[in-house]
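Student: What follows is input-v6.cif, made up of mmCIF, C-alpha atoms:
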data_work
loop_
_atom_site.label_atom_id
_atom_site.label_comp_id
_atom_site.auth_asym_id
_atom_site.auth_seq_id
_atom_site.Cartn_x
_atom_site.Cartn_y
_atom_site.Cartn_z
CA MET A 1 -44.43 164.31 -49.42
CA ALA A 2 -41.48 166.68 -49.76
CA ALA A 3 -41.58 169.99 -47.94
CA LEU A 4 -42.74 172.84 -50.15
CA PRO A 5 -40.72 176.04 -50.58
CA VAL A 6 -41.61 178.88 -48.24
CA ALA A 7 -43.18 181.95 -49.83
CA PRO A 8 -40.22 184.05 -50.98
CA PRO A 9 -40.08 187.77 -50.19
CA PRO A 10 -40.25 190.36 -52.96
CA ALA A 11 -36.98 190.97 -54.76
CA ALA A 12 -34.77 193.49 -53.01
CA ALA A 13 -34.05 196.75 -54.78
CA ASP A 14 -30.62 197.24 -53.22
CA ASP A 15 -28.76 194.49 -55.09
CA GLU A 16 -28.55 193.05 -58.61
CA ILE A 17 -30.18 189.65 -59.24
CA VAL A 18 -27.73 187.33 -61.00
CA TYR A 19 -30.00 184.27 -61.17
CA GLU A 20 -33.31 183.14 -59.75
CA SER A 21 -35.39 180.01 -59.90
CA MET A 22 -38.52 180.73 -57.99
CA PRO A 23 -39.79 179.78 -55.53
CA CYS A 24 -36.53 178.05 -54.54
CA ILE A 25 -33.58 180.44 -54.80
CA ARG A 26 -32.61 184.01 -55.64
CA ILE A 27 -28.94 184.79 -56.20
CA TYR A 28 -27.94 188.42 -55.89
CA LYS A 29 -24.57 189.86 -56.80
CA ASN A 30 -23.60 190.05 -53.12
CA ARG A 31 -25.72 187.42 -51.36
CA VAL A 32 -27.86 184.32 -51.79
CA GLU A 33 -31.40 183.74 -50.53
CA ARG A 34 -32.57 180.12 -50.39
CA TYR A 35 -36.24 179.39 -49.75
CA PHE A 36 -36.11 175.61 -50.12
CA GLY A 37 -33.86 172.69 -49.27
CA SER A 38 -31.96 174.07 -46.28
CA GLU A 39 -34.37 172.95 -43.57
CA PHE A 40 -32.78 170.68 -40.96
CA VAL A 41 -34.15 167.54 -39.34
CA ALA A 42 -32.21 165.65 -36.70
CA ALA A 43 -30.86 162.15 -37.17
CA SER A 44 -32.97 159.55 -35.39
CA THR A 45 -34.35 156.04 -35.47
CA ASP A 46 -37.36 156.01 -37.75
CA ALA A 47 -40.39 154.55 -36.00
CA ALA A 48 -42.00 153.29 -39.21
CA THR A 49 -39.01 151.48 -40.73
CA GLY A 50 -36.57 150.94 -37.88
CA VAL A 51 -33.83 152.61 -39.94
CA ALA A 52 -31.30 154.38 -37.71
CA SER A 53 -29.43 157.48 -38.80
CA ARG A 54 -26.49 159.38 -37.40
CA ASP A 55 -24.29 162.26 -38.51
CA VAL A 56 -20.52 162.24 -38.94
CA VAL A 57 -18.05 165.07 -39.47
CA ILE A 58 -15.45 164.12 -42.06
CA SER A 59 -13.54 167.42 -42.27
CA PRO A 60 -14.21 171.12 -41.70
CA ASN A 61 -15.96 171.25 -45.09
CA VAL A 62 -17.57 167.82 -45.37
CA SER A 63 -20.00 165.76 -43.32
CA ALA A 64 -22.51 163.00 -43.94
CA ARG A 65 -25.62 161.35 -42.60
CA LEU A 66 -25.46 157.56 -42.36
CA TYR A 67 -28.51 155.29 -42.58
CA LEU A 68 -28.42 151.75 -41.21
CA PRO A 69 -31.44 149.46 -41.69
CA ARG A 70 -32.73 147.26 -38.89
CA LEU A 71 -30.55 144.15 -38.77
CA GLU A 72 -31.57 140.65 -37.81
CA ASP A 73 -27.91 139.67 -37.76
CA GLY A 74 -25.80 142.15 -35.81
CA ALA A 75 -22.72 141.22 -37.85
CA ALA A 76 -24.39 141.57 -41.25
CA LYS A 77 -22.44 143.13 -44.11
CA LEU A 78 -24.44 145.34 -46.47
CA PRO A 79 -24.02 147.04 -49.82
CA VAL A 80 -22.81 150.62 -49.40
CA LEU A 81 -24.37 153.51 -51.33
CA VAL A 82 -22.36 156.74 -51.22
CA TYR A 83 -24.99 159.25 -52.27
CA TYR A 84 -24.67 162.84 -53.50
CA HIS A 85 -27.84 164.92 -53.32
CA GLY A 86 -28.99 167.12 -56.18
CA GLY A 87 -30.17 170.70 -56.24
CA GLY A 88 -28.26 172.28 -59.11
CA PHE A 89 -25.10 172.49 -56.96
CA CYS A 90 -26.77 175.33 -55.00
CA LEU A 91 -29.71 173.79 -53.12
CA GLY A 92 -30.38 170.83 -50.86
CA SER A 93 -28.76 169.17 -47.90
CA ALA A 94 -28.11 165.68 -46.63
CA PHE A 95 -29.84 166.83 -43.45
CA ASN A 96 -33.10 168.15 -44.85
CA PRO A 97 -36.48 166.48 -44.29
CA THR A 98 -36.93 165.41 -47.93
CA PHE A 99 -33.75 163.33 -48.13
CA HIS A 100 -34.11 162.12 -44.56
CA ALA A 101 -37.56 160.69 -45.28
CA TYR A 102 -36.41 159.27 -48.60
CA PHE A 103 -33.48 157.36 -47.13
CA ASN A 104 -35.42 156.09 -44.14
CA SER A 105 -37.71 154.43 -46.66
CA PHE A 106 -35.09 153.44 -49.23
CA ALA A 107 -32.53 151.98 -46.78
CA ALA A 108 -35.26 149.74 -45.39
CA LEU A 109 -36.40 148.63 -48.84
CA ALA A 110 -32.93 147.95 -50.25
CA ASN A 111 -31.25 146.83 -47.01
CA VAL A 112 -28.22 149.00 -47.75
CA LEU A 113 -25.94 151.22 -45.70
CA VAL A 114 -26.32 154.76 -47.06
CA VAL A 115 -23.71 157.50 -46.73
CA SER A 116 -25.53 160.69 -47.71
CA VAL A 117 -22.89 163.36 -48.31
CA GLU A 118 -23.10 167.01 -47.27
CA TYR A 119 -20.90 169.08 -49.57
CA ARG A 120 -20.41 172.83 -49.91
CA LEU A 121 -22.87 174.67 -52.16
CA ALA A 122 -22.32 177.16 -54.94
CA PRO A 123 -22.27 180.05 -55.61
CA GLU A 124 -20.58 180.74 -52.25
CA HIS A 125 -18.29 177.79 -53.05
CA PRO A 126 -18.26 177.56 -56.86
CA VAL A 127 -17.97 174.28 -58.71
CA PRO A 128 -15.56 172.40 -58.55
CA ALA A 129 -15.74 172.69 -54.72
CA ALA A 130 -18.56 170.13 -54.68
CA TYR A 131 -16.35 167.63 -56.51
CA ALA A 132 -13.49 168.12 -54.07
CA ASP A 133 -15.78 167.64 -51.07
CA SER A 134 -17.44 164.59 -52.61
CA TRP A 135 -14.06 162.98 -53.26
CA GLU A 136 -13.08 163.63 -49.66
CA ALA A 137 -16.23 161.85 -48.49
CA LEU A 138 -15.54 158.86 -50.73
CA ALA A 139 -11.96 158.66 -49.48
CA TRP A 140 -13.27 158.71 -45.90
CA VAL A 141 -15.59 155.79 -46.62
CA VAL A 142 -12.86 153.61 -48.13
CA SER A 143 -10.42 154.54 -45.34
CA HIS A 144 -12.37 152.05 -43.23
CA LEU A 145 -10.63 149.27 -45.17
CA ALA A 146 -7.36 150.10 -43.39
CA GLY A 147 -6.37 148.96 -39.92
CA PRO A 148 -8.45 147.63 -37.02
CA ALA A 149 -12.19 148.33 -36.95
CA ASN A 150 -11.93 150.15 -33.64
CA ASP A 151 -9.06 152.44 -34.71
CA GLY A 152 -11.00 155.72 -34.74
CA LYS A 153 -13.36 154.48 -37.41
CA ASP A 154 -17.10 154.84 -37.69
CA PRO A 155 -18.65 151.69 -36.20
CA TRP A 156 -21.42 151.41 -38.77
CA VAL A 157 -19.10 151.65 -41.78
CA ALA A 158 -16.39 149.53 -40.16
CA GLY A 159 -18.85 146.94 -38.93
CA HIS A 160 -21.39 146.66 -41.74
CA ALA A 161 -19.92 147.88 -45.04
CA ASP A 162 -19.37 145.20 -47.66
CA PHE A 163 -16.74 146.93 -49.77
CA SER A 164 -17.13 144.41 -52.56
CA ARG A 165 -20.53 146.10 -53.09
CA LEU A 166 -19.58 149.77 -53.03
CA TYR A 167 -21.86 151.99 -55.11
CA LEU A 168 -21.98 155.68 -55.96
CA GLY A 169 -25.22 157.46 -56.75
CA GLY A 170 -27.14 160.68 -56.86
CA GLU A 171 -29.99 162.53 -58.50
CA SER A 172 -29.69 165.51 -60.85
CA ALA A 173 -26.47 167.41 -59.95
CA GLY A 174 -25.70 164.52 -57.60
CA SER A 175 -25.57 162.19 -60.61
CA ASN A 176 -23.16 164.57 -62.27
CA ILE A 177 -20.98 164.39 -59.14
CA ALA A 178 -21.19 160.59 -58.99
CA HIS A 179 -20.05 160.37 -62.62
CA HIS A 180 -17.06 162.59 -61.96
CA MET A 181 -16.13 160.61 -58.85
CA ALA A 182 -16.09 157.41 -60.91
CA MET A 183 -13.94 159.13 -63.54
CA ARG A 184 -11.51 160.32 -60.88
CA VAL A 185 -11.29 156.77 -59.55
CA ALA A 186 -10.39 155.70 -63.09
CA ALA A 187 -7.61 158.29 -63.22
CA GLU A 188 -6.23 157.99 -59.69
CA GLY A 189 -7.59 154.82 -58.11
CA LEU A 190 -8.79 154.52 -54.52
CA PRO A 191 -6.73 153.68 -51.43
CA HIS A 192 -6.58 150.19 -49.94
CA GLY A 193 -7.53 148.50 -53.19
CA ALA A 194 -11.13 149.75 -53.03
CA GLN A 195 -13.18 149.54 -56.21
CA ILE A 196 -16.54 150.95 -57.26
CA ARG A 197 -18.98 148.19 -58.15
CA GLY A 198 -21.64 150.37 -59.72
CA LEU A 199 -23.13 153.76 -60.40
CA VAL A 200 -26.76 154.88 -59.92
CA MET A 201 -27.58 157.89 -62.11
CA ILE A 202 -31.02 159.34 -61.35
CA HIS A 203 -32.16 162.11 -63.73
CA PRO A 204 -28.57 163.26 -64.37
CA TYR A 205 -27.79 166.96 -64.83
CA PHE A 206 -25.80 167.15 -68.05
CA LEU A 207 -26.05 169.81 -70.74
CA GLY A 208 -24.58 170.54 -74.18
CA THR A 209 -24.89 172.95 -77.06
CA ASP A 210 -26.25 170.11 -79.22
CA LYS A 211 -30.03 170.03 -79.39
CA VAL A 212 -31.94 167.02 -78.05
CA PRO A 213 -35.72 166.43 -78.31
CA SER A 214 -36.41 166.74 -74.57
CA ASP A 215 -35.08 170.33 -74.65
CA ASP A 216 -38.45 171.25 -76.15
CA LEU A 217 -40.48 169.79 -73.28
CA ASP A 218 -39.90 173.03 -71.36
CA PRO A 219 -37.70 175.56 -73.18
CA VAL A 220 -37.82 178.03 -70.28
CA ALA A 221 -36.61 175.41 -67.81
CA ARG A 222 -33.94 174.28 -70.26
CA GLU A 223 -32.61 177.83 -70.63
CA SER A 224 -32.66 178.25 -66.86
CA LEU A 225 -30.53 175.14 -66.41
CA GLY A 226 -27.93 176.58 -68.77
CA SER A 227 -27.93 179.90 -66.94
CA LEU A 228 -27.68 178.09 -63.61
CA TRP A 229 -24.55 176.21 -64.70
CA ARG A 230 -22.78 179.41 -65.68
CA VAL A 231 -23.47 180.91 -62.24
CA MET A 232 -22.51 177.74 -60.36
CA CYS A 233 -19.22 177.42 -62.24
CA PRO A 234 -18.02 180.93 -63.16
CA ALA A 235 -14.82 179.56 -64.72
CA THR A 236 -16.77 177.33 -67.11
CA THR A 237 -16.32 177.44 -70.87
CA GLY A 238 -20.09 176.94 -71.21
CA GLU A 239 -22.39 174.00 -71.88
CA ASP A 240 -19.65 172.04 -73.62
CA ASP A 241 -17.42 172.17 -70.57
CA PRO A 242 -16.47 168.54 -69.79
CA LEU A 243 -17.78 169.08 -66.25
CA ILE A 244 -21.35 169.45 -67.56
CA ASN A 245 -21.06 167.62 -70.92
CA PRO A 246 -19.31 164.26 -70.57
CA PHE A 247 -19.37 163.60 -74.33
CA VAL A 248 -17.20 166.43 -75.64
CA ASP A 249 -13.55 166.39 -76.66
CA GLY A 250 -11.49 166.89 -73.54
CA ALA A 251 -13.85 164.90 -71.31
CA PRO A 252 -12.45 161.68 -69.84
CA PRO A 253 -13.40 158.79 -72.14
CA LEU A 254 -16.54 156.98 -71.03
CA ALA A 255 -14.80 153.70 -71.80
CA SER A 256 -12.63 154.27 -68.73
CA LEU A 257 -15.54 154.63 -66.28
CA ALA A 258 -14.32 152.91 -63.12
CA CYS A 259 -17.15 150.53 -62.32
CA GLY A 260 -18.67 147.40 -63.73
CA ARG A 261 -22.37 148.30 -63.64
CA VAL A 262 -24.42 151.44 -64.30
CA LEU A 263 -28.13 152.16 -63.88
CA VAL A 264 -29.58 155.29 -65.47
CA CYS A 265 -33.07 156.42 -64.38
CA ILE A 266 -34.91 159.03 -66.44
CA GLY A 267 -38.35 160.63 -66.43
CA GLU A 268 -40.40 160.74 -69.62
CA GLY A 269 -41.46 164.33 -68.87
CA ASP A 270 -38.04 165.58 -67.75
CA VAL A 271 -36.33 168.25 -69.85
CA LEU A 272 -33.06 166.42 -69.10
CA ARG A 273 -34.46 163.04 -70.21
CA ASP A 274 -32.49 162.75 -73.43
CA ARG A 275 -29.24 163.82 -71.78
CA GLY A 276 -29.64 160.83 -69.48
CA ARG A 277 -30.55 158.56 -72.37
CA ALA A 278 -27.50 159.80 -74.28
CA TYR A 279 -25.31 158.91 -71.30
CA TYR A 280 -26.61 155.34 -71.42
CA ASP A 281 -26.28 155.10 -75.21
CA ARG A 282 -22.82 156.66 -75.39
CA LEU A 283 -21.54 154.55 -72.50
CA ARG A 284 -22.65 151.34 -74.20
CA ALA A 285 -21.10 152.44 -77.50
CA SER A 286 -17.82 153.58 -75.93
CA GLY A 287 -16.17 150.21 -75.53
CA TRP A 288 -16.71 150.26 -71.77
CA GLN A 289 -16.73 146.66 -70.60
CA GLY A 290 -19.49 146.91 -67.98
CA GLU A 291 -23.22 146.25 -67.83
CA ALA A 292 -25.58 149.23 -68.32
CA ALA A 293 -29.33 149.45 -67.77
CA ILE A 294 -31.86 152.25 -68.22
CA TRP A 295 -35.32 152.73 -66.70
CA GLN A 296 -37.86 155.40 -67.61
CA ALA A 297 -40.71 156.64 -65.42
CA PRO A 298 -43.71 157.16 -67.70
CA GLY A 299 -45.07 160.70 -67.70
CA LYS A 300 -42.92 161.93 -64.82
CA GLY A 301 -40.65 164.96 -64.54
CA HIS A 302 -37.35 165.80 -62.94
CA THR A 303 -36.77 164.26 -59.46
CA PHE A 304 -40.46 163.42 -59.22
CA HIS A 305 -39.68 160.69 -56.67
CA LEU A 306 -38.70 163.29 -54.08
CA LEU A 307 -41.85 165.32 -54.66
CA GLU A 308 -44.23 162.34 -54.86
CA PRO A 309 -42.44 159.54 -52.98
CA CYS A 310 -45.55 157.37 -52.70
CA CYS A 311 -46.70 157.52 -56.33
CA ASP A 312 -46.62 154.28 -58.30
CA GLU A 313 -43.72 155.43 -60.47
CA ALA A 314 -41.58 156.42 -57.46
CA VAL A 315 -42.24 153.07 -55.83
CA ALA A 316 -41.31 151.30 -59.07
CA GLN A 317 -38.13 153.36 -59.49
CA ASP A 318 -37.03 152.60 -55.92
CA LYS A 319 -37.58 148.91 -56.57
CA VAL A 320 -35.44 149.05 -59.74
CA ILE A 321 -32.62 150.77 -57.84
CA SER A 322 -32.92 148.36 -54.91
CA ASP A 323 -32.72 145.36 -57.22
CA PHE A 324 -29.68 146.88 -58.95
CA LEU A 325 -27.84 147.35 -55.64
CA ASN A 326 -28.57 143.80 -54.54
CA ARG A 327 -27.53 141.91 -57.66
#
Written as C-alpha cells, how would this file's structure read?
Tutor:
Amino acid sequence: MAALPVAPPPAAADDEIVYESMPCIRIYKNRVERYFGSEFVAASTDAATGVASRDVVISPNVSARLYLPRLEDGAAKLPVLVYYHGGGFCLGSAFNPTFHAYFNSFAALANVLVVSVEYRLAPEHPVPAAYADSWEALAWVVSHLAGPANDGKDPWVAGHADFSRLYLGGESAGSNIAHHMAMRVAAEGLPHGAQIRGLVMIHPYFLGTDKVPSDDLDPVARESLGSLWRVMCPATTGEDDPLINPFVDGAPPLASLACGRVLVCIGEGDVLRDRGRAYYDRLRASGWQGEAAIWQAPGKGHTFHLLEPCCDEAVAQDKVISDFLNR
C-alpha cells in the first residue's frame, strides 16, 4: 500500500496561495509545501523478491535508482525500462517508498532492468526543466553503448542492458515526459545508434480545450489539472500548448513517434481516461508504422496501481505491461 499524505498544516496567512491540491501540495507565491511523495527510502536488496537496487548520480541535476532482478545467469541481458515517475511535474521521487516498492515487485515480475529517473520538480524548476533532465538521463543510459564496459560505466547497465529492447515509460506526467522523449529522439536521434523499441504510457497526463466525456467524471479534478499545468509551466499558452496537448497544430506529428510499439493503459474511472484513449486512436490514425495496444482497468481511477498495488486490476495491469516488455 502506498504511503498516505501527512496531515497538512493550516494555510499560512503570510503568503498568497497560487495552487493547492490537498492533502498533497500547497504552492504559495514564495514557497512550496509538499505533504506527500518526498519521503526517502534507501536502496537495498528486497528480501521478498531478491531485486537489488542502487542509486546513481548522472549530473548535478539528475540521478536515478536502478533495479536489477535476481539473475540465474550472471551474464544475462535484460530489457531496459527507462521510467519517469508522475506527480503532476511537482510531486514524487524515484527514491520514495511508493515507487521503490512498486519496482521491487515489477522488476521481479517482468525480469527487466529499471532505470527510475529523478528529475527536478516544478514550480521551483518550471517545465520544461523536467524534459531536459529526462533527456539527460536517457542519454546517460545509451552512453553505455560506447567503449569498454569497465570504462567508468555503471556495471548493471553495461553488463545487463539489452539495448535492442530499450523502452521508455511513465505514469501520468511521467507518460507525458516519455512521449516527449520519444518525439525528441525522432527529431534528433540518439548517440551510438540507439533506438527506442517501445513506449509504455500509463494514465497519461494530457489536456486540451476540446471536451471529452471523461472530463465529466470529476469536473473539479479536471479543472484542477488545468490550473496545475499553468502553474507548472508559466510560459505555457494554455491547454492547447503542444507540451500538454500532443494533437494540436504545432505539436510534432504522431506519425514520427520514434519507436515501433506503444502500450497505453487507462483507468475506466480516470478523468484523463479519454485523453489516453485519444492518444491511442490518433496514433493509429496518424500513419505511424508501429504496433499500438490499449488496456483499460475496469472501474479504476488515476494511478490506482500505486495506491492499491495488490488489487486484481493492478496485478492485471502489471502483467499486461510485463508481457509487452518481453515480446
Student: Of the candidates A:Ser116, A:Ser105, A:Ser164, A:Thr49, which shows the shortest atom-to-atom distance to Lys319 (chain A), using only C-alpha atoms?
Tutor: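 Going through A:Ser116, A:Ser105, A:Ser164, A:Thr49 one by one, the smallest distance to Lys319 (chain A) is for A:Ser105.
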Student: I'd like to see the residues matched by the PyMOL selection byres ((chain A and resi 207) around 9) on this file, and ideally I'd get them as a ChimeraX atom specification.
Tutor: /A:205-206,208-210,225-226,229,239-241,244-246,272,275
Student: Using the chain letters and numbers from this file, what does the PyMOL selection byres ((chain A and resi 169-186) around 9) select? Give the answer as a compact mmCIF listing (two decimals) with C-alpha atoms, in the coordinates of the input.
Tutor:
# COMPACT_ATOMS: atom_id res chain seq x y z
CA LEU A 81 -24.37 153.51 -51.33
CA VAL A 82 -22.36 156.74 -51.22
CA TYR A 83 -24.99 159.25 -52.27
CA TYR A 84 -24.67 162.84 -53.50
CA HIS A 85 -27.84 164.92 -53.32
CA GLY A 86 -28.99 167.12 -56.18
CA GLY A 87 -30.17 170.70 -56.24
CA GLY A 88 -28.26 172.28 -59.11
CA PHE A 89 -25.10 172.49 -56.96
CA ALA A 130 -18.56 170.13 -54.68
CA TYR A 131 -16.35 167.63 -56.51
CA SER A 134 -17.44 164.59 -52.61
CA TRP A 135 -14.06 162.98 -53.26
CA LEU A 138 -15.54 158.86 -50.73
CA TYR A 167 -21.86 151.99 -55.11
CA LEU A 168 -21.98 155.68 -55.96
CA ALA A 187 -7.61 158.29 -63.22
CA GLU A 188 -6.23 157.99 -59.69
CA GLY A 189 -7.59 154.82 -58.11
CA LEU A 190 -8.79 154.52 -54.52
CA GLN A 195 -13.18 149.54 -56.21
CA ILE A 196 -16.54 150.95 -57.26
CA GLY A 198 -21.64 150.37 -59.72
CA LEU A 199 -23.13 153.76 -60.40
CA VAL A 200 -26.76 154.88 -59.92
CA MET A 201 -27.58 157.89 -62.11
CA ILE A 202 -31.02 159.34 -61.35
CA HIS A 203 -32.16 162.11 -63.73
CA PRO A 204 -28.57 163.26 -64.37
CA TYR A 205 -27.79 166.96 -64.83
CA PHE A 206 -25.80 167.15 -68.05
CA LEU A 243 -17.78 169.08 -66.25
CA ILE A 244 -21.35 169.45 -67.56
CA PRO A 246 -19.31 164.26 -70.57
CA PRO A 252 -12.45 161.68 -69.84
CA PRO A 253 -13.40 158.79 -72.14
CA LEU A 254 -16.54 156.98 -71.03
CA SER A 256 -12.63 154.27 -68.73
CA LEU A 257 -15.54 154.63 -66.28
CA ALA A 258 -14.32 152.91 -63.12
CA CYS A 259 -17.15 150.53 -62.32
CA LEU A 272 -33.06 166.42 -69.10
CA HIS A 302 -37.35 165.80 -62.94
CA THR A 303 -36.77 164.26 -59.46
Student: Which of these residues is nearest to Phe36 (chain A), using all atoms listed in the file: A:Ile17, A:Asp312, A:Pro69, A:Pro8?
Tutor: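 Among the listed residues, A:Pro8 lies closest to Phe36 (chain A).
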Student: What do you get, as a PyMOL selection string, if you spell out every residue that the PyMOL selection byres ((chain A and resi 47) around 12) selects here?
Tutor: chain A and resi 44-46+48-53+69-70+101+104-105+108
Student: Just the number, please: distance in Å from CA of Asp318 (chain A) to CA of Ser93 (chain A), one decimal.
Tutor: 20.2 Å
Student: What's the 10 Å shell around Glu136 (chain A), counting all atoms listed in the file, without same-chain residues fewer than 4 positions away, as a list of chain:residue names?
Tutor: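 Once the nearby chain positions are removed, what remains is A:Ile58, A:Ser59, A:Asn61, A:Val62, A:Ser63, A:Val117, A:Tyr119, A:Ala130, A:Tyr131, A:Ala132, A:Trp140, A:Val141.
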Student: Extract, using all atoms listed in the file, all DNA, RNA and protein residues at most 10 Å from Trp295 (chain A), discarding same-chain residues fewer than 6 positions from it, and format them as number ranges by chain.
Tutor: A: 202, 263-268, 277, 316-317, 320-321
Student: Can you pull out every residue within 12 Å of Cys311 (chain A), counting only C-alpha atoms, but drop anything in the same chain fewer than 3 positions away, and send it as an NGL selection string?
Tutor: :A and (1 or 297-300 or 304-308 or 314-318)
Student: One decimal, Å: what's the distance from CA of Thr98 (chain A) over to CA of Ala64 (chain A), could you say?
Tutor: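 Computing it gives 15.2 Å between the two atoms.
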Student: Could you check which of A:Met232, A:Ala293, A:Val248, A:Ile25 is closest to Val262 (chain A), using only C-alpha atoms?
Tutor: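 For Val262 (chain A), the nearest of the given residues is A:Ala293.
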Student: Can you work out which one of A:Arg230, A:Arg165, A:Arg222, A:Arg197 has the shortest atom-to-atom distance to Gly290 (chain A), counting only C-alpha atoms?
Tutor: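 Smallest distance to Gly290 (chain A) is found for A:Arg197.
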Student: Can you measure CA of Asp55 (chain A) to CA of Phe99 (chain A) for me? One decimal in Å is fine.
Tutor: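 That distance, rounded to one decimal, is 13.5 Å.
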Student: Nearest residue to Val157 (chain A) out of A:Leu145, A:Cys24, A:Ala11, A:Val220, using only C-alpha atoms?
Tutor: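 Residue with the minimum atom-to-atom distance to Val157 (chain A): A:Leu145.
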Student: Using all atoms listed in the file, pick whichever of A:Ala158, A:Val212, A:Leu91, A:Leu78 has the shortest atom-to-atom distance to Arg26 (chain A).
Tutor: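 Answer, going by the shortest atom-to-atom distance: A:Leu91.
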Student: Fewer than 5 positions away in the same chain doesn't count, so skip those; otherwise give me all residues within 12 Å of Pro148 (chain A), counting only C-alpha atoms, as a compact mmCIF listing (two decimals) with C-alpha atoms, keeping the file's coordinate frame.
Tutor:
# COMPACT_ATOMS: atom_id res chain seq x y z
CA SER A 143 -10.42 154.54 -45.34
CA LYS A 153 -13.36 154.48 -37.41
CA ASP A 154 -17.10 154.84 -37.69
CA PRO A 155 -18.65 151.69 -36.20
CA ALA A 158 -16.39 149.53 -40.16
CA GLY A 159 -18.85 146.94 -38.93
